[in-house]
$ cat model22.txt   # compact mmCIF, N, CA and C atoms and all ligand atoms
# COMPACT_ATOMS: atom_id res chain seq x y z
N MET A 1 -152.27 21.30 -35.33
CA MET A 1 -151.53 22.51 -35.60
C MET A 1 -150.10 22.32 -35.13
N LYS A 2 -149.17 22.71 -36.01
CA LYS A 2 -147.76 22.51 -35.69
C LYS A 2 -147.20 23.76 -35.01
N LYS A 3 -146.56 23.55 -33.90
CA LYS A 3 -145.98 24.67 -33.15
C LYS A 3 -144.54 24.90 -33.62
N LYS A 4 -144.19 26.17 -33.88
CA LYS A 4 -142.85 26.48 -34.37
C LYS A 4 -141.87 26.51 -33.20
N MET A 5 -140.80 25.74 -33.34
CA MET A 5 -139.78 25.70 -32.30
C MET A 5 -138.68 26.71 -32.65
N THR A 6 -138.18 27.39 -31.67
CA THR A 6 -137.07 28.31 -31.88
C THR A 6 -135.77 27.52 -31.81
N SER A 7 -135.00 27.62 -32.87
CA SER A 7 -133.74 26.90 -32.89
C SER A 7 -132.73 27.58 -31.97
N ARG A 8 -131.75 26.82 -31.58
CA ARG A 8 -130.71 27.37 -30.71
C ARG A 8 -129.99 28.51 -31.43
N ARG A 9 -129.78 28.38 -32.72
CA ARG A 9 -129.12 29.43 -33.50
C ARG A 9 -129.92 30.72 -33.47
N GLU A 10 -131.26 30.59 -33.66
CA GLU A 10 -132.12 31.78 -33.63
C GLU A 10 -132.11 32.43 -32.25
N LEU A 11 -132.14 31.59 -31.23
CA LEU A 11 -132.15 32.10 -29.86
C LEU A 11 -130.86 32.88 -29.58
N LEU A 12 -129.71 32.30 -29.98
CA LEU A 12 -128.43 32.97 -29.76
C LEU A 12 -128.36 34.27 -30.55
N LYS A 13 -128.87 34.24 -31.79
CA LYS A 13 -128.85 35.44 -32.63
C LYS A 13 -129.69 36.54 -32.00
N ASN A 14 -130.89 36.18 -31.52
CA ASN A 14 -131.77 37.17 -30.91
C ASN A 14 -131.19 37.71 -29.61
N THR A 15 -130.55 36.85 -28.85
CA THR A 15 -129.93 37.28 -27.59
C THR A 15 -128.79 38.24 -27.87
N ALA A 16 -127.96 37.94 -28.85
CA ALA A 16 -126.85 38.82 -29.20
C ALA A 16 -127.37 40.16 -29.69
N PHE A 17 -128.43 40.13 -30.50
CA PHE A 17 -129.00 41.38 -31.00
C PHE A 17 -129.55 42.21 -29.85
N SER A 18 -130.23 41.57 -28.91
CA SER A 18 -130.80 42.29 -27.77
C SER A 18 -129.69 42.94 -26.95
N GLY A 19 -128.61 42.22 -26.75
CA GLY A 19 -127.49 42.77 -25.98
C GLY A 19 -126.90 43.98 -26.67
N ALA A 20 -126.72 43.89 -27.98
CA ALA A 20 -126.18 45.03 -28.73
C ALA A 20 -127.13 46.21 -28.69
N ALA A 21 -128.42 45.92 -28.78
CA ALA A 21 -129.41 47.00 -28.75
C ALA A 21 -129.41 47.68 -27.38
N LEU A 22 -129.29 46.89 -26.32
CA LEU A 22 -129.25 47.47 -24.98
C LEU A 22 -128.02 48.36 -24.80
N ALA A 23 -126.88 47.89 -25.29
CA ALA A 23 -125.65 48.67 -25.18
C ALA A 23 -125.80 49.98 -25.95
N ALA A 24 -126.37 49.91 -27.14
CA ALA A 24 -126.55 51.12 -27.95
C ALA A 24 -127.53 52.07 -27.27
N ALA A 25 -128.59 51.52 -26.71
CA ALA A 25 -129.59 52.36 -26.03
C ALA A 25 -128.96 53.05 -24.82
N SER A 26 -128.12 52.32 -24.10
CA SER A 26 -127.46 52.89 -22.94
C SER A 26 -126.56 54.04 -23.35
N LEU A 27 -125.81 53.84 -24.42
CA LEU A 27 -124.90 54.89 -24.90
C LEU A 27 -125.69 56.10 -25.37
N ILE A 28 -126.76 55.85 -26.11
CA ILE A 28 -127.58 56.96 -26.61
C ILE A 28 -128.20 57.71 -25.44
N THR A 29 -128.68 56.98 -24.45
CA THR A 29 -129.30 57.62 -23.29
C THR A 29 -128.29 58.51 -22.57
N SER A 30 -127.07 57.99 -22.38
CA SER A 30 -126.07 58.80 -21.67
C SER A 30 -125.70 60.02 -22.50
N CYS A 31 -125.61 59.86 -23.81
CA CYS A 31 -125.29 61.01 -24.67
C CYS A 31 -126.43 62.01 -24.66
N THR A 32 -127.65 61.51 -24.74
CA THR A 32 -128.81 62.39 -24.77
C THR A 32 -128.93 63.16 -23.47
N LYS A 33 -128.71 62.48 -22.34
CA LYS A 33 -128.81 63.14 -21.06
C LYS A 33 -127.81 64.27 -20.96
N SER A 34 -126.56 64.02 -21.39
CA SER A 34 -125.55 65.07 -21.26
C SER A 34 -125.85 66.23 -22.20
N GLU A 35 -126.52 65.92 -23.33
CA GLU A 35 -126.85 67.00 -24.25
C GLU A 35 -128.08 67.77 -23.78
N GLU A 36 -128.98 67.09 -23.06
CA GLU A 36 -130.20 67.73 -22.61
C GLU A 36 -129.98 68.62 -21.39
N LYS A 37 -128.95 68.36 -20.64
CA LYS A 37 -128.75 69.05 -19.38
C LYS A 37 -128.72 70.57 -19.52
N PRO A 38 -127.93 71.13 -20.45
CA PRO A 38 -127.89 72.58 -20.52
C PRO A 38 -129.25 73.20 -20.80
N ALA A 39 -130.08 72.54 -21.64
CA ALA A 39 -131.40 73.07 -21.95
C ALA A 39 -132.27 73.07 -20.70
N ALA A 40 -132.19 71.96 -19.93
CA ALA A 40 -132.97 71.87 -18.70
C ALA A 40 -132.51 72.94 -17.72
N GLN A 41 -131.23 73.16 -17.65
CA GLN A 41 -130.71 74.17 -16.75
C GLN A 41 -131.14 75.56 -17.19
N ALA A 42 -131.22 75.78 -18.51
CA ALA A 42 -131.62 77.08 -19.00
C ALA A 42 -133.06 77.39 -18.62
N ASP A 43 -133.92 76.32 -18.61
CA ASP A 43 -135.32 76.51 -18.25
C ASP A 43 -135.49 76.70 -16.74
N ASP A 44 -134.66 76.06 -15.98
CA ASP A 44 -134.80 76.09 -14.53
C ASP A 44 -133.46 76.47 -13.91
N PRO A 45 -133.28 77.73 -13.56
CA PRO A 45 -132.00 78.17 -12.99
C PRO A 45 -131.63 77.40 -11.73
N ALA A 46 -132.63 76.92 -10.97
CA ALA A 46 -132.33 76.17 -9.74
C ALA A 46 -131.64 74.86 -10.07
N ALA A 47 -132.02 74.26 -11.23
CA ALA A 47 -131.42 72.99 -11.62
C ALA A 47 -129.93 73.16 -11.88
N ALA A 48 -129.55 74.33 -12.35
CA ALA A 48 -128.13 74.59 -12.64
C ALA A 48 -127.31 74.51 -11.37
N THR A 49 -127.87 74.91 -10.25
CA THR A 49 -127.11 74.87 -9.00
C THR A 49 -127.10 73.48 -8.40
N ASP A 50 -128.06 72.60 -8.81
CA ASP A 50 -128.09 71.24 -8.28
C ASP A 50 -127.00 70.36 -8.88
N ALA A 51 -126.65 70.61 -10.14
CA ALA A 51 -125.64 69.79 -10.79
C ALA A 51 -124.26 70.18 -10.25
N PRO A 52 -123.50 69.19 -9.77
CA PRO A 52 -122.19 69.53 -9.23
C PRO A 52 -121.27 70.06 -10.34
N ALA A 53 -120.60 71.13 -10.02
CA ALA A 53 -119.64 71.68 -10.97
C ALA A 53 -118.44 70.75 -11.04
N ALA A 54 -117.76 70.80 -12.17
CA ALA A 54 -116.60 69.93 -12.35
C ALA A 54 -115.60 70.10 -11.22
N ALA A 55 -115.47 71.33 -10.71
CA ALA A 55 -114.49 71.59 -9.65
C ALA A 55 -114.84 70.88 -8.36
N ASP A 56 -116.13 70.52 -8.18
CA ASP A 56 -116.58 69.91 -6.92
C ASP A 56 -116.49 68.38 -6.92
N LEU A 57 -116.18 67.80 -8.04
CA LEU A 57 -116.20 66.34 -8.14
C LEU A 57 -114.83 65.74 -7.85
N PRO A 58 -114.83 64.53 -7.29
CA PRO A 58 -113.55 63.84 -7.05
C PRO A 58 -113.00 63.24 -8.35
N TYR A 59 -111.71 63.02 -8.37
CA TYR A 59 -111.10 62.39 -9.54
C TYR A 59 -111.27 60.87 -9.47
N VAL A 60 -111.31 60.26 -10.61
CA VAL A 60 -111.39 58.81 -10.71
C VAL A 60 -110.14 58.21 -10.07
N ASP A 61 -110.36 57.17 -9.28
CA ASP A 61 -109.24 56.43 -8.70
C ASP A 61 -108.76 55.42 -9.75
N PRO A 62 -107.54 55.59 -10.26
CA PRO A 62 -107.06 54.65 -11.29
C PRO A 62 -107.00 53.21 -10.81
N ALA A 63 -107.03 53.01 -9.48
CA ALA A 63 -106.98 51.65 -8.93
C ALA A 63 -108.37 51.03 -8.80
N SER A 64 -109.43 51.81 -9.10
CA SER A 64 -110.78 51.26 -8.98
C SER A 64 -111.01 50.21 -10.07
N ASN A 65 -111.96 49.33 -9.80
CA ASN A 65 -112.23 48.24 -10.75
C ASN A 65 -112.62 48.77 -12.13
N LYS A 66 -113.46 49.80 -12.15
CA LYS A 66 -113.92 50.32 -13.44
C LYS A 66 -112.75 50.96 -14.20
N ALA A 67 -111.94 51.73 -13.48
CA ALA A 67 -110.79 52.37 -14.13
C ALA A 67 -109.84 51.31 -14.67
N LYS A 68 -109.65 50.25 -13.89
CA LYS A 68 -108.75 49.18 -14.35
C LYS A 68 -109.34 48.47 -15.56
N ALA A 69 -110.66 48.26 -15.53
CA ALA A 69 -111.31 47.58 -16.66
C ALA A 69 -111.16 48.38 -17.95
N LEU A 70 -111.19 49.71 -17.81
CA LEU A 70 -111.07 50.58 -18.99
C LEU A 70 -109.61 50.98 -19.25
N ARG A 71 -108.71 50.45 -18.41
CA ARG A 71 -107.28 50.75 -18.52
C ARG A 71 -107.02 52.26 -18.44
N TYR A 72 -107.80 52.93 -17.60
CA TYR A 72 -107.65 54.38 -17.44
C TYR A 72 -106.34 54.70 -16.75
N VAL A 73 -105.64 55.68 -17.28
CA VAL A 73 -104.42 56.20 -16.65
C VAL A 73 -104.53 57.72 -16.62
N GLU A 74 -103.96 58.32 -15.58
CA GLU A 74 -104.04 59.78 -15.43
C GLU A 74 -103.09 60.49 -16.39
N LYS A 75 -102.09 59.79 -16.83
CA LYS A 75 -101.14 60.36 -17.79
C LYS A 75 -101.09 59.39 -18.98
N ALA A 76 -101.57 59.85 -20.12
CA ALA A 76 -101.73 58.97 -21.27
C ALA A 76 -100.44 58.22 -21.63
N SER A 77 -99.30 58.87 -21.43
CA SER A 77 -98.04 58.22 -21.79
C SER A 77 -97.74 57.02 -20.89
N ASP A 78 -98.47 56.89 -19.77
CA ASP A 78 -98.29 55.74 -18.89
C ASP A 78 -99.09 54.52 -19.36
N ALA A 79 -99.92 54.70 -20.36
CA ALA A 79 -100.72 53.56 -20.87
C ALA A 79 -99.78 52.56 -21.52
N PRO A 80 -100.09 51.27 -21.34
CA PRO A 80 -99.27 50.25 -22.00
C PRO A 80 -99.23 50.49 -23.51
N ALA A 81 -98.06 50.40 -24.08
CA ALA A 81 -97.89 50.70 -25.51
C ALA A 81 -98.80 49.86 -26.39
N ASP A 82 -99.07 48.62 -25.97
CA ASP A 82 -99.89 47.75 -26.81
C ASP A 82 -101.37 48.07 -26.74
N SER A 83 -101.79 48.93 -25.80
CA SER A 83 -103.22 49.23 -25.70
C SER A 83 -103.58 50.60 -26.29
N ARG A 84 -102.64 51.51 -26.35
CA ARG A 84 -102.95 52.86 -26.86
C ARG A 84 -102.53 52.95 -28.33
N GLY A 85 -103.17 52.14 -29.12
CA GLY A 85 -102.84 52.09 -30.54
C GLY A 85 -103.56 53.15 -31.34
N ASP A 86 -103.21 53.26 -32.59
CA ASP A 86 -103.83 54.22 -33.48
C ASP A 86 -105.31 53.88 -33.66
N LYS A 87 -106.13 54.91 -33.71
CA LYS A 87 -107.56 54.74 -33.99
C LYS A 87 -107.90 55.67 -35.14
N GLY A 88 -108.33 55.09 -36.24
CA GLY A 88 -108.59 55.91 -37.42
C GLY A 88 -107.30 56.59 -37.84
N GLU A 89 -107.39 57.89 -38.01
CA GLU A 89 -106.21 58.65 -38.42
C GLU A 89 -105.48 59.26 -37.23
N THR A 90 -105.97 58.95 -36.01
CA THR A 90 -105.35 59.52 -34.82
C THR A 90 -104.36 58.54 -34.22
N LYS A 91 -103.12 58.98 -34.14
CA LYS A 91 -102.09 58.12 -33.56
C LYS A 91 -102.34 57.95 -32.06
N GLY A 92 -101.90 56.84 -31.52
CA GLY A 92 -102.05 56.59 -30.10
C GLY A 92 -101.45 57.71 -29.27
N SER A 93 -100.32 58.25 -29.71
CA SER A 93 -99.63 59.31 -28.96
C SER A 93 -100.40 60.63 -28.96
N GLU A 94 -101.45 60.73 -29.78
CA GLU A 94 -102.25 61.96 -29.85
C GLU A 94 -103.59 61.81 -29.13
N GLN A 95 -103.80 60.69 -28.45
CA GLN A 95 -105.07 60.41 -27.79
C GLN A 95 -104.99 60.79 -26.31
N PHE A 96 -105.87 61.71 -25.91
CA PHE A 96 -105.94 62.17 -24.52
C PHE A 96 -107.42 62.36 -24.16
N CYS A 97 -107.69 62.40 -22.87
CA CYS A 97 -109.07 62.67 -22.45
C CYS A 97 -109.56 64.00 -23.02
N HIS A 98 -108.70 65.00 -23.07
CA HIS A 98 -109.17 66.33 -23.50
C HIS A 98 -109.62 66.38 -24.95
N ASN A 99 -109.24 65.40 -25.78
CA ASN A 99 -109.74 65.40 -27.16
C ASN A 99 -110.64 64.18 -27.43
N CYS A 100 -111.20 63.64 -26.37
CA CYS A 100 -112.11 62.49 -26.46
C CYS A 100 -113.55 62.99 -26.50
N GLN A 101 -114.39 62.28 -27.24
CA GLN A 101 -115.79 62.71 -27.36
C GLN A 101 -116.56 62.60 -26.06
N PHE A 102 -116.09 61.82 -25.11
CA PHE A 102 -116.81 61.64 -23.85
C PHE A 102 -116.42 62.68 -22.80
N TYR A 103 -115.50 63.56 -23.13
CA TYR A 103 -114.94 64.54 -22.18
C TYR A 103 -115.64 65.88 -22.29
N SER A 104 -115.84 66.55 -21.14
CA SER A 104 -116.46 67.88 -21.15
C SER A 104 -116.04 68.66 -19.92
N GLU A 105 -116.32 69.95 -19.96
CA GLU A 105 -116.14 70.85 -18.82
C GLU A 105 -114.73 70.82 -18.23
N ASP A 106 -113.75 71.08 -19.05
CA ASP A 106 -112.36 71.09 -18.58
C ASP A 106 -112.17 72.20 -17.54
N ASN A 107 -111.54 71.85 -16.42
CA ASN A 107 -111.29 72.85 -15.37
C ASN A 107 -109.82 73.28 -15.35
N GLY A 108 -109.09 72.92 -16.37
CA GLY A 108 -107.68 73.27 -16.44
C GLY A 108 -106.77 72.11 -16.08
N GLU A 109 -107.31 71.17 -15.30
CA GLU A 109 -106.55 69.97 -14.92
C GLU A 109 -107.26 68.70 -15.36
N GLY A 110 -108.60 68.78 -15.34
CA GLY A 110 -109.40 67.62 -15.71
C GLY A 110 -110.79 68.04 -16.08
N GLY A 111 -111.66 67.06 -16.28
CA GLY A 111 -113.03 67.36 -16.64
C GLY A 111 -113.90 66.13 -16.47
N LYS A 112 -115.16 66.29 -16.83
CA LYS A 112 -116.11 65.19 -16.71
C LYS A 112 -115.95 64.22 -17.87
N CYS A 113 -116.23 62.96 -17.57
CA CYS A 113 -116.22 61.91 -18.60
C CYS A 113 -117.54 61.17 -18.50
N ALA A 114 -118.22 61.00 -19.62
CA ALA A 114 -119.52 60.32 -19.64
C ALA A 114 -119.43 58.89 -19.14
N LEU A 115 -118.25 58.30 -19.20
CA LEU A 115 -118.10 56.91 -18.76
C LEU A 115 -117.85 56.80 -17.27
N PHE A 116 -117.55 57.91 -16.62
CA PHE A 116 -117.34 57.93 -15.16
C PHE A 116 -118.24 59.00 -14.55
N PRO A 117 -119.55 58.74 -14.51
CA PRO A 117 -120.48 59.76 -13.98
C PRO A 117 -120.13 60.12 -12.53
N GLY A 118 -120.18 61.42 -12.23
CA GLY A 118 -119.91 61.88 -10.87
C GLY A 118 -118.44 61.96 -10.52
N LYS A 119 -117.58 61.75 -11.50
CA LYS A 119 -116.13 61.80 -11.26
C LYS A 119 -115.48 62.65 -12.35
N LEU A 120 -114.24 62.99 -12.09
CA LEU A 120 -113.45 63.71 -13.08
C LEU A 120 -112.31 62.82 -13.55
N VAL A 121 -111.87 63.08 -14.76
CA VAL A 121 -110.67 62.42 -15.28
C VAL A 121 -109.65 63.52 -15.59
N LYS A 122 -108.41 63.17 -15.57
CA LYS A 122 -107.36 64.14 -15.88
C LYS A 122 -107.39 64.45 -17.38
N ASN A 123 -107.16 65.72 -17.72
CA ASN A 123 -107.25 66.06 -19.15
C ASN A 123 -106.11 65.43 -19.96
N GLU A 124 -105.04 65.04 -19.30
CA GLU A 124 -103.94 64.36 -19.99
C GLU A 124 -104.06 62.84 -19.86
N GLY A 125 -105.22 62.38 -19.33
CA GLY A 125 -105.44 60.95 -19.16
C GLY A 125 -105.84 60.24 -20.43
N TRP A 126 -106.17 58.98 -20.28
CA TRP A 126 -106.55 58.17 -21.44
C TRP A 126 -107.18 56.87 -20.94
N CYS A 127 -108.05 56.27 -21.76
CA CYS A 127 -108.55 54.91 -21.51
C CYS A 127 -108.86 54.26 -22.84
N VAL A 128 -109.15 52.96 -22.81
CA VAL A 128 -109.36 52.22 -24.05
C VAL A 128 -110.61 52.66 -24.81
N SER A 129 -111.51 53.38 -24.16
CA SER A 129 -112.72 53.83 -24.84
C SER A 129 -112.53 55.16 -25.55
N TRP A 130 -111.30 55.66 -25.58
CA TRP A 130 -111.05 56.93 -26.24
C TRP A 130 -111.64 56.92 -27.65
N SER A 131 -112.29 58.03 -27.99
CA SER A 131 -112.86 58.20 -29.32
C SER A 131 -112.75 59.68 -29.67
N LEU A 132 -112.29 59.98 -30.84
CA LEU A 132 -112.02 61.37 -31.23
C LEU A 132 -113.26 62.24 -31.13
N LYS A 133 -113.10 63.37 -30.44
CA LYS A 133 -114.17 64.37 -30.32
C LYS A 133 -114.44 64.96 -31.70
N ALA A 134 -115.71 65.11 -32.02
CA ALA A 134 -116.07 65.72 -33.30
C ALA A 134 -115.58 67.16 -33.35
N GLN A 135 -115.01 67.54 -34.47
CA GLN A 135 -114.53 68.91 -34.63
C GLN A 135 -115.71 69.80 -34.98
N SER A 136 -115.77 70.99 -34.39
CA SER A 136 -116.87 71.91 -34.70
C SER A 136 -116.41 72.99 -35.67
FE1 LIG B 201 -110.74 59.83 -21.00
FE2 LIG B 201 -112.39 59.47 -23.06
FE3 LIG B 201 -111.61 57.39 -21.59
FE4 LIG B 201 -113.27 59.18 -20.57
S1 LIG B 201 -113.68 57.81 -22.30
S2 LIG B 201 -111.49 58.29 -19.54
S3 LIG B 201 -112.54 61.08 -21.49
S4 LIG B 201 -110.30 58.69 -22.88
$ encode --input "model22.txt" --output "structure tokens" --more "lines below"
Ligand code: SF4
Amino acid sequence: MKKKMTSRRELLKNTAFSGAALAAASLITSCTKSEEKPAAQADDPAAATDAPAAADLPYVDPASNKAKALRYVEKASDAPADSRGDKGETKGSEQFCHNCQFYSEDNGEGGKCALFPGKLVKNEGWCVSWSLKAQS
């Protein structure tokens, strides 16, 4: 009986696919969790008090490794011109945390960002992961 050998090409292809699937699953999980929270809070009023309000959270330190990796800036106009380029029909100059799909619970100065759990970002901030919030 002949045993089938996995070629290096197949192995690399499968590894790349697994990595992409994990990244997608992680994104979906984070999105699902943020969408599920209000329903869970509605069922259990005590849970609503356990979740820290946006006002109670610290702001992201722009000097932190994660913030630097995402090129996060507290003032979008401070982003390097070569990194805040147009995305789709949205000009770079129109991209801010407050109109990003990962942003929520604006407190007037900042809000939560799904990419920085437990922290706040400035509503006039920006990072390379900016993506236009869906219009309702
Ligand atoms: Fe701001 Fe969006 Fe980047 Fe979060 S993902 S820091 S909300 S631009």
$ residues_near_ligand --input "model22.txt" --ligand "ligand LIG 201 (chain B)" --cutoff "9 Å" --atoms "only C-alpha atoms and all ligand atoms" --output "PyMOL selection string"
chain A and resi 60+67+70-74+76+95-104+111-116+120-133
$ atom_distance --input "model22.txt" --atom1 "CA of Ser83 in chain A" --atom2 "CA of Lys66 in chain A"
16.3 Å
$ closest_residue --input "model22.txt" --among "A:Gly110, A:Pro80, A:Gly85, A:Gly92" --to "Ala54 in chain A" --atoms "only N, CA and C atoms"
A:Gly110
$ decode --input "model22.txt" --residues "range 68-85 of chain A" --atoms "N, CA and C atoms" --output "mmCIF file, in the first residue's frame"
data_model
loop_
_atom_site.group_PDB
_atom_site.id
_atom_site.type_symbol
_atom_site.label_atom_id
_atom_site.label_comp_id
_atom_site.auth_asym_id
_atom_site.auth_seq_id
_atom_site.Cartn_x
_atom_site.Cartn_y
_atom_site.Cartn_z
ATOM 1 N N LYS A 68 1.745 51.334 18.871
ATOM 2 C CA LYS A 68 2.766 51.632 17.854
ATOM 3 C C LYS A 68 2.619 50.699 16.658
ATOM 4 N N ALA A 69 2.317 49.431 16.943
ATOM 5 C CA ALA A 69 2.160 48.463 15.848
ATOM 6 C C ALA A 69 1.004 48.852 14.936
ATOM 7 N N LEU A 70 -0.052 49.411 15.537
ATOM 8 C CA LEU A 70 -1.222 49.817 14.748
ATOM 9 C C LEU A 70 -1.123 51.276 14.292
ATOM 10 N N ARG A 71 0.000 51.911 14.635
ATOM 11 C CA ARG A 71 0.231 53.321 14.283
ATOM 12 C C ARG A 71 -0.884 54.218 14.821
ATOM 13 N N TYR A 72 -1.371 53.873 16.010
ATOM 14 C CA TYR A 72 -2.442 54.661 16.628
ATOM 15 C C TYR A 72 -1.932 56.031 17.037
ATOM 16 N N VAL A 73 -2.708 57.041 16.733
ATOM 17 C CA VAL A 73 -2.422 58.411 17.175
ATOM 18 C C VAL A 73 -3.705 58.980 17.768
ATOM 19 N N GLU A 74 -3.543 59.838 18.774
ATOM 20 C CA GLU A 74 -4.717 60.418 19.440
ATOM 21 C C GLU A 74 -5.367 61.500 18.588
ATOM 22 N N LYS A 75 -4.610 62.058 17.693
ATOM 23 C CA LYS A 75 -5.139 63.081 16.790
ATOM 24 C C LYS A 75 -4.827 62.610 15.368
ATOM 25 N N ALA A 76 -5.870 62.299 14.625
ATOM 26 C CA ALA A 76 -5.689 61.685 13.309
ATOM 27 C C ALA A 76 -4.747 62.480 12.407
ATOM 28 N N SER A 77 -4.778 63.799 12.529
ATOM 29 C CA SER A 77 -3.928 64.614 11.656
ATOM 30 C C SER A 77 -2.444 64.427 11.966
ATOM 31 N N ASP A 78 -2.132 63.805 13.116
ATOM 32 C CA ASP A 78 -0.735 63.525 13.458
ATOM 33 C C ASP A 78 -0.219 62.240 12.805
ATOM 34 N N ALA A 79 -1.108 61.494 12.172
ATOM 35 C CA ALA A 79 -0.678 60.247 11.511
ATOM 36 C C ALA A 79 0.220 60.591 10.338
ATOM 37 N N PRO A 80 1.249 59.766 10.122
ATOM 38 C CA PRO A 80 2.112 60.002 8.965
ATOM 39 C C PRO A 80 1.287 60.024 7.676
ATOM 40 N N ALA A 81 1.546 60.992 6.835
ATOM 41 C CA ALA A 81 0.756 61.170 5.614
ATOM 42 C C ALA A 81 0.741 59.915 4.747
ATOM 43 N N ASP A 82 1.846 59.163 4.757
ATOM 44 C CA ASP A 82 1.910 57.980 3.900
ATOM 45 C C ASP A 82 1.127 56.798 4.447
ATOM 46 N N SER A 83 0.661 56.871 5.704
ATOM 47 C CA SER A 83 -0.069 55.735 6.254
ATOM 48 C C SER A 83 -1.585 55.968 6.302
ATOM 49 N N ARG A 84 -2.020 57.197 6.325
ATOM 50 C CA ARG A 84 -3.469 57.482 6.425
ATOM 51 C C ARG A 84 -4.012 57.774 5.024
ATOM 52 N N GLY A 85 -3.912 56.788 4.183
ATOM 53 C CA GLY A 85 -4.356 56.955 2.804
ATOM 54 C C GLY A 85 -5.842 56.714 2.643
#
